[in-house]
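Visitor: Structure provided below as structure tokens; questions to follow.
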Amino acid sequence: MKKNKVSFVFALPAFAIYTALLVIPIIMALGISFFKWNGFNEMTFVGIDNYVSLFQDARLGNAVINTVIIAGSVIIIVNVLGLVLAMLVNRSSRVNNFFRTIFFIPFVLSAVALSFVWKSILSYNGVLNGFLKTVGLSNLVGNWLGKRGSALICIIIIEIWRTLGYHMMLYLAALQAIPEELYEACTMDGGNRWDKFRNVTLPLIVPGMSVSILMSIINELRIYDVVKIMTDGGPGYATETIVYNIVAQGFSNNIVGYSSAIAVVLFLAIGTLSVFVVTQMGKREVEM
């Protein structure tokens, strides 16, 4: 009993911070979503009107499409490439340690700072177009961040580059937890590299894979900073994401109740997807 009390005392500060910074804001957002409020004046109860409006909002629909395009592309690519890179640098050596560090560095650096660097490279008067003009390839000069298609592709590429090292490390941890004896047993049974991957590696990295997929879903559905700095949602609303739309509606248009409703729906969507991924991947886990 005394041990439980001591554990509770040590956990209490973390629990208090978690409650203050996450639980209470979620509850407040849920409550505000049923009101019409500009953030300053008196709140007016409107029931589910905000939720009805968000399903009729063409601008939000465009933001949802953009988010799905960005998130879907990044989630698939970082998980496939993350596993491939993890397998390539799995063996401990100086060269592999060097490449592990190189790939992981972008993730630990500030996303805001990296976005400013990439914006200076990809803007119309930026480094990339200047380089193309210098080497006589002026016909390849493009307004990379000024068109919806190319701007979305740039955001996707930057997000993949920025987060790939993190997912590589998750898969690397999963790979290094696999006993070497299992590979030796597969070799003795006449298995080749593909047999080892299919029958040993793939089933046993499911826990790491589920974490990687789950984290990529959560992170990419909440993407904001890269979009804000690179394109500011433009041109027009062409590259707006859901979170960008929430911030714009709440702080620029002062429609706090409506933006809270969008945030609640996004929270529920991420929660539902997370539960689905954990449940489905849990069915495929193999005990070692």
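Following the order of the structure tokens, chains are lettered A, B, ..., residues in each are numbered from 1, and ligands are numbered from 1.
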Which residues of segment 193-238 of chain A come within 8 Å of segment 244-266 of chain A, and for each one, what is the closest pair of atoms and their distance in Å to one decimal, counting only C-alpha atoms, sorted by chain and residue number, as JSON lines?
Guide:
{"residue": "A:Ile223", "atom": "CA", "partner": "A:Tyr244", "partner_atom": "CA", "distance": 8.0}
{"residue": "A:Tyr224", "atom": "CA", "partner": "A:Tyr244", "partner_atom": "CA", "distance": 5.6}
{"residue": "A:Val227", "atom": "CA", "partner": "A:Tyr244", "partner_atom": "CA", "distance": 7.7}
{"residue": "A:Lys228", "atom": "CA", "partner": "A:Tyr244", "partner_atom": "CA", "distance": 7.2}
{"residue": "A:Gly233", "atom": "CA", "partner": "A:Tyr244", "partner_atom": "CA", "distance": 7.3}
Visitor: Please identify the helix (DSSP H, G or I) residues within segment 40-250 of chain A (assignment by DSSP from backbone atoms) and present them as a ChimeraX atom specification.
Guide: /A:49-54,58-88,94-108,111-122,127-134,138-140,148-176,180-188,193-204,206-221,225-230,242-250
Visitor: List every residue of segment 33-222 of chain A that DSSP, applied to the backbone, labels as strand (DSSP E), and write the result as a ChimeraX atom specification.
Guide: /A:35-36,44-45
Visitor: How would the residues just chosen look if you wrote them out with all heavy atoms as a PDB file, in the first residue's frame?
Guide:
ATOM      1  N   PHE A  35     -21.618  26.125 -29.423  1.00  0.00           N
ATOM      2  CA  PHE A  35     -21.957  27.547 -29.297  1.00  0.00           C
ATOM      3  C   PHE A  35     -21.449  28.335 -30.503  1.00  0.00           C
ATOM      4  O   PHE A  35     -20.497  27.928 -31.171  1.00  0.00           O
ATOM      5  CB  PHE A  35     -21.334  28.141 -28.029  1.00  0.00           C
ATOM      6  CG  PHE A  35     -21.954  27.641 -26.757  1.00  0.00           C
ATOM      7  CD1 PHE A  35     -21.545  26.442 -26.187  1.00  0.00           C
ATOM      8  CD2 PHE A  35     -22.944  28.374 -26.127  1.00  0.00           C
ATOM      9  CE1 PHE A  35     -22.112  25.983 -25.019  1.00  0.00           C
ATOM     10  CE2 PHE A  35     -23.522  27.923 -24.945  1.00  0.00           C
ATOM     11  CZ  PHE A  35     -23.105  26.727 -24.391  1.00  0.00           C
ATOM     12  N   LYS A  36     -22.099  29.457 -30.761  1.00  0.00           N
ATOM     13  CA  LYS A  36     -21.595  30.441 -31.712  1.00  0.00           C
ATOM     14  C   LYS A  36     -20.838  31.475 -30.899  1.00  0.00           C
ATOM     15  O   LYS A  36     -21.413  32.151 -30.037  1.00  0.00           O
ATOM     16  CB  LYS A  36     -22.750  31.098 -32.467  1.00  0.00           C
ATOM     17  CG  LYS A  36     -22.293  32.116 -33.499  1.00  0.00           C
ATOM     18  CD  LYS A  36     -23.489  32.738 -34.219  1.00  0.00           C
ATOM     19  CE  LYS A  36     -23.028  33.760 -35.249  1.00  0.00           C
ATOM     20  NZ  LYS A  36     -24.184  34.391 -35.948  1.00  0.00           N
ATOM     21  N   THR A  44     -23.388  32.074 -27.774  1.00  0.00           N
ATOM     22  CA  THR A  44     -24.781  31.775 -28.090  1.00  0.00           C
ATOM     23  C   THR A  44     -24.908  30.292 -28.411  1.00  0.00           C
ATOM     24  O   THR A  44     -24.243  29.791 -29.323  1.00  0.00           O
ATOM     25  CB  THR A  44     -25.277  32.602 -29.295  1.00  0.00           C
ATOM     26  OG1 THR A  44     -25.089  33.996 -29.015  1.00  0.00           O
ATOM     27  CG2 THR A  44     -26.751  32.332 -29.565  1.00  0.00           C
ATOM     28  N   PHE A  45     -25.775  29.604 -27.679  1.00  0.00           N
ATOM     29  CA  PHE A  45     -25.949  28.174 -27.891  1.00  0.00           C
ATOM     30  C   PHE A  45     -26.650  27.915 -29.228  1.00  0.00           C
ATOM     31  O   PHE A  45     -27.694  28.477 -29.514  1.00  0.00           O
ATOM     32  CB  PHE A  45     -26.777  27.562 -26.754  1.00  0.00           C
ATOM     33  CG  PHE A  45     -26.963  26.075 -26.877  1.00  0.00           C
ATOM     34  CD1 PHE A  45     -25.930  25.208 -26.582  1.00  0.00           C
ATOM     35  CD2 PHE A  45     -28.178  25.546 -27.318  1.00  0.00           C
ATOM     36  CE1 PHE A  45     -26.091  23.829 -26.700  1.00  0.00           C
ATOM     37  CE2 PHE A  45     -28.353  24.171 -27.433  1.00  0.00           C
ATOM     38  CZ  PHE A  45     -27.300  23.312 -27.125  1.00  0.00           C
TER      39      PHE A  45
END
Visitor: Could you name the residues that touch Thr67 of chain A at 12 Å or less, counting only C-alpha atoms, but leaving out those on the same chain fewer than 3 positions away, as a ChimeraX atom specification?
Guide: /A:60-64,70-75,152,155-156,217-224,227,233,238-245,266
Visitor: Give me the residues near segment 90-93 of chain A as a list in words, where near means some atom within 8 Å (using only C-alpha atoms) and where sequence neighbours in that chain fewer than 2 positions away do not count.
Guide: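 Near neighbours after the sequence-gap exclusion: Ala86, Met87, Leu88, Val95, Asn96, Asn97, Leu172, Leu175 and Gln176 of chain A.
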Visitor: Atom CA of Val226 of chain A and atom CA of Leu109 of chain A, how far apart in Å?
Guide: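 Between atom CA of Leu109 of chain A and atom CA of Val226 of chain A the gap is 13.0 Å.
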Visitor: When you look at Phe197 of chain A with a cut-off of 12 Å (counting only C-alpha atoms), what residues show up, excluding the ones that are within fewer than 2 positions of it in the same chain? I need them as a list in words.
Guide: Leu83, Val84, Met87, Leu175, Ile178, Leu182, Tyr183, Cys186, Thr187, Gly191, Asn192, Arg193, Trp194, Asp195, Asn199, Val200, Thr201, Leu202, Pro203, Leu204 and Ile205 of chain A
